[in-house]
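Below: one structure, written as structure tokens.
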Amino acid sequence: MTPLKLLVTGSRGRMGQTVIACAAEDPAVSVAAGIDLGDSLPEALALCDAVIDFTLPTFTDELVAACVADSKALVMGTTGHSDAQLEAIRAASETIPVVHAPNYSVGVNTLFWLTRRTAEILGEGFDLEVVEMHHRHKKDAPSGTARRLAEILADATGVSYDTDTRHGRLGDVGARTAKEIGVHALRGGDVVGDHTVIYAADGERVELTHKASSRQTFANGAIRAAKWVRDQGLTSGLFDMQDVLGLR
């Protein structure tokens with residue numbers, strides 16, 4: 001089979017460089033082009049079959065529109081989008097295949113599955129908290145992964161992410177409510193990504209933790225997603241890594 005030709009955005013950044021290095025080790029793909037600030041997106045798109053994007057939300061509108069115009073599959077790991085941008089990504093998926101995930105690690109996607117299943121097994125009576133830590137350069141908080149974990153908990157317990165999550169606590173905030181889901185973001189050093197889900201009840205506590213020590217896990221997951229789109233023969237649709245891994 002002819003190698004899948006990839007366009008890597010943010011090619012001079014840390015994640016872009018990692019994707020390029022991992023692709024070089026995978027005979028099923030090749031990096032046809034890489035772009036960063038100042039490079040031509042249309043010229044690069046003409047060379048590729050699929051795009052892998054780990055950049056910033058400020059680039060998303062342009063990238064999504066260009067992928068739709070050129071009918072290119074899009075694998076997006078960028079986080080921190082506005083509601084309007086998320087709707088634009090959903091609309092684009094009616095025309096092109098889009099894999100949009102907050103985290104491409106196989107381990108983290110297993111954590112997503114375990115988070116839901118654990119909440120279902122434990123039932124009521126457990127207080128739910130999510131704690132994440134990333135490197136000092138990360139700009140958005142909470143991380144997309146932490147948000148997804150909180151969304152899963154909210155859905156599994158019948159509460160609302162928008163109204164029942166509490167992002168940090170400061171001052172006299174009163175006693176914790178039974179419905180609230182705490183979300184806490186730590187930043188420092190060169191931490192690639194740590195996430196812990198805590199289920200705390202009287203007399204016992206359950207903790208699920210994933211720690212990433214290398215960006216390669218995210219890069220390889222994104223490459224796997226791009227190959228999955230090709231192998232499934234998809235021409236449109238919105239997917240995430242739960243679909244790619246068969247965990248849906």
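Within each chain, counting starts at residue 1; across the structure tokens, chains are named A, B, ... in the order shown, with ligands numbered 1 upward in that order.
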Please produce, as a Markdown table, a per-residue contact table for region 185-229 of chain A versus region 30-33 of chain A (criterion: any atom at most 12 Å away, only C-alpha atoms considered), showing the nearest atom pair and its distance in Å to one decimal, sorted by chain then residue number.
```
| residue | atom | partner | partner_atom | distance |
| --- | --- | --- | --- | --- |
| A:Ile223 | CA | A:Ser30 | CA | 10.2 |
| A:Ala226 | CA | A:Ser30 | CA | 11.5 |
| A:Lys227 | CA | A:Ser30 | CA | 11.2 |
```
Would you save the residues of that selection, restricted to N, CA and C atoms, as a PDB file, in the first residue's frame?
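Written file, part-v7.pdb:
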```pdb
ATOM      1  N   ILE A 223      -0.975   9.640  14.392  1.00  0.00           N
ATOM      2  CA  ILE A 223      -0.649   8.923  13.152  1.00  0.00           C
ATOM      3  C   ILE A 223      -1.556   7.715  13.001  1.00  0.00           C
ATOM      4  N   ALA A 226      -4.888   8.890  11.710  1.00  0.00           N
ATOM      5  CA  ALA A 226      -4.874   9.213  10.276  1.00  0.00           C
ATOM      6  C   ALA A 226      -4.936   7.951   9.435  1.00  0.00           C
ATOM      7  N   LYS A 227      -4.206   6.917   9.845  1.00  0.00           N
ATOM      8  CA  LYS A 227      -4.231   5.647   9.112  1.00  0.00           C
ATOM      9  C   LYS A 227      -5.601   4.992   9.226  1.00  0.00           C
TER      10      LYS A 227
END
```
Region 4-89 of chain A residues near region 129-144 of chain A within 9 Å, closest pair each, using only C-alpha atoms, as JSON lines:
```
{"residue": "A:Thr78", "atom": "CA", "partner": "A:Gly144", "partner_atom": "CA", "distance": 8.5}
{"residue": "A:Thr79", "atom": "CA", "partner": "A:Gly144", "partner_atom": "CA", "distance": 5.5}
{"residue": "A:Gly80", "atom": "CA", "partner": "A:Asp140", "partner_atom": "CA", "distance": 5.9}
```
Can I get the selected residues back with N, CA and C atoms, as a PDB file, in the first residue's frame?
```pdb
ATOM      1  N   THR A  78      -5.395  19.974  18.680  1.00  0.00           N
ATOM      2  CA  THR A  78      -5.418  21.305  19.278  1.00  0.00           C
ATOM      3  C   THR A  78      -6.584  21.414  20.255  1.00  0.00           C
ATOM      4  N   THR A  79      -6.376  22.083  21.391  1.00  0.00           N
ATOM      5  CA  THR A  79      -7.427  22.262  22.391  1.00  0.00           C
ATOM      6  C   THR A  79      -7.632  23.742  22.670  1.00  0.00           C
ATOM      7  N   GLY A  80      -8.650  24.051  23.479  1.00  0.00           N
ATOM      8  CA  GLY A  80      -8.920  25.435  23.864  1.00  0.00           C
ATOM      9  C   GLY A  80      -9.816  26.176  22.900  1.00  0.00           C
TER      10      GLY A  80
END
```
Which of these residues is nearest to Glu204 (chain A), using only C-alpha atoms: A:Ala92, A:Ala24, A:Leu122, A:Leu6? A:Leu122
Write out as a ChimeraX atom specification each polymer residue whose atoms come within 7 Å of Thr145 (chain A), counting only C-alpha atoms; drop sequence neighbours fewer than 3 positions from it. /A:102-103,148-149
Could you write those residues out with C-alpha atoms, as a PDB file, in the first residue's frame?
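Generated file (result_38.pdb):
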```pdb
ATOM      1  CA  PRO A 102      -8.214  16.165  23.392  1.00  0.00           C
ATOM      2  CA  ASN A 103      -5.624  13.414  23.782  1.00  0.00           C
ATOM      3  CA  ARG A 148     -13.065  15.577  28.733  1.00  0.00           C
ATOM      4  CA  LEU A 149     -12.619  13.637  31.982  1.00  0.00           C
TER       5      LEU A 149
END
```
Using only C-alpha atoms for the distances, tell me which of A:Leu45, A:Ala69, A:Val75, A:Ala219 is nearest to Met15 (chain A). A:Ala219
According to DSSP computed on the backbone, where in region 21-248 of chain A is there alpha helix (DSSP H)? Give the residues as a PyMOL selection string. chain A and resi 21-24+41-45+57-70+83-92+106-122+144-157+161-164+216-232+241-244
CA of Arg166 (chain A) to CA of Trp113 (chain A): how many Å, to one decimal? 22.4 Å
Enumerate, as a PyMOL selection string, the complete set of residues in region 113-210 of chain A that a backbone-based DSSP assignment places in strand (DSSP E). chain A and resi 127-134+165-167+181-187+193-201+204-210
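CA of His100 (chain A) is found 21.9 Å from CA of Ser160 (chain A).
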Nearest to Gly13 (chain A), chosen from A:Gly171, A:Arg215, A:Ile181, A:Arg187, with only C-alpha atoms counted in the distances: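 Of A:Gly171, A:Arg215, A:Ile181, A:Arg187, the one nearest Gly13 (chain A), counting only C-alpha atoms, is A:Arg215.
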Between CA of Ala156 (chain A) and CA of Leu245 (chain A) - distance in Å to one decimal: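 Going from CA of Leu245 (chain A) over to CA of Ala156 (chain A), I get 20.6 Å.
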Could you check which of A:Ile20, A:Ser11, A:Leu234, A:Gly125 is closest to Asp202 (chain A), using only C-alpha atoms? A:Gly125
Identify which of the residues A:Thr196, A:Ser214, A:Thr118, A:Thr163 lies closest to Thr18 (chain A), counting only C-alpha atoms when measuring atom-to-atom distances. A:Ser214
Counting only C-alpha atoms, the residue of A:Leu186, A:Val206, A:Val106, A:Ile121 that sits nearest Asp243 (chain A):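 Answer, going by the shortest atom-to-atom distance: A:Val106.
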With only C-alpha atoms as the counted atoms, please give the residues lying no more than 10 Å from Thr110 (chain A), apart from itself and same-chain residues fewer than 6 positions off, as number ranges by chain. A: 210, 241-242, 245, 247
Keeping only C-alpha atoms, write those residues as an mmCIF file, in the first residue's frame.
```
data_model
loop_
_atom_site.group_PDB
_atom_site.id
_atom_site.type_symbol
_atom_site.label_atom_id
_atom_site.label_comp_id
_atom_site.auth_asym_id
_atom_site.auth_seq_id
_atom_site.Cartn_x
_atom_site.Cartn_y
_atom_site.Cartn_z
ATOM 1 C CA HIS A 210 -2.229 8.452 33.811
ATOM 2 C CA MET A 241 -9.767 8.228 19.616
ATOM 3 C CA GLN A 242 -12.490 6.175 21.265
ATOM 4 C CA LEU A 245 -9.443 2.289 19.316
ATOM 5 C CA LEU A 247 -13.753 1.713 22.729
#
```
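Using only C-alpha atoms, the protein and nucleic acid residues lying no more than 8 Å from Leu63 (chain A), apart from those fewer than 4 places from it along its own chain, are Leu41, Phe59 and Cys67 of chain A.
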For those residues, write C-alpha atoms to a file as a short mmCIF file (atom, residue, chain, number, x, y, z; two decimals), in the first residue's frame.
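Result written to out_24.cif:
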```
data_model
loop_
_atom_site.label_atom_id
_atom_site.label_comp_id
_atom_site.auth_asym_id
_atom_site.auth_seq_id
_atom_site.Cartn_x
_atom_site.Cartn_y
_atom_site.Cartn_z
CA LEU A 41 -1.03 26.32 3.68
CA PHE A 59 -5.07 28.78 13.37
CA CYS A 67 -9.24 21.27 4.54
#
```
Distance query Tyr161 (chain A) at most 6 Å, only C-alpha atoms, self and fewer than 4 positions along chain excluded, as an mmCIF file with C-alpha atoms, in the first residue's frame:
```
data_model
loop_
_atom_site.group_PDB
_atom_site.id
_atom_site.type_symbol
_atom_site.label_atom_id
_atom_site.label_comp_id
_atom_site.auth_asym_id
_atom_site.auth_seq_id
_atom_site.Cartn_x
_atom_site.Cartn_y
_atom_site.Cartn_z
ATOM 1 C CA GLU A 151 -17.451 15.847 30.929
ATOM 2 C CA ALA A 154 -20.837 14.732 34.478
ATOM 3 C CA THR A 165 -17.928 21.875 37.632
#
```
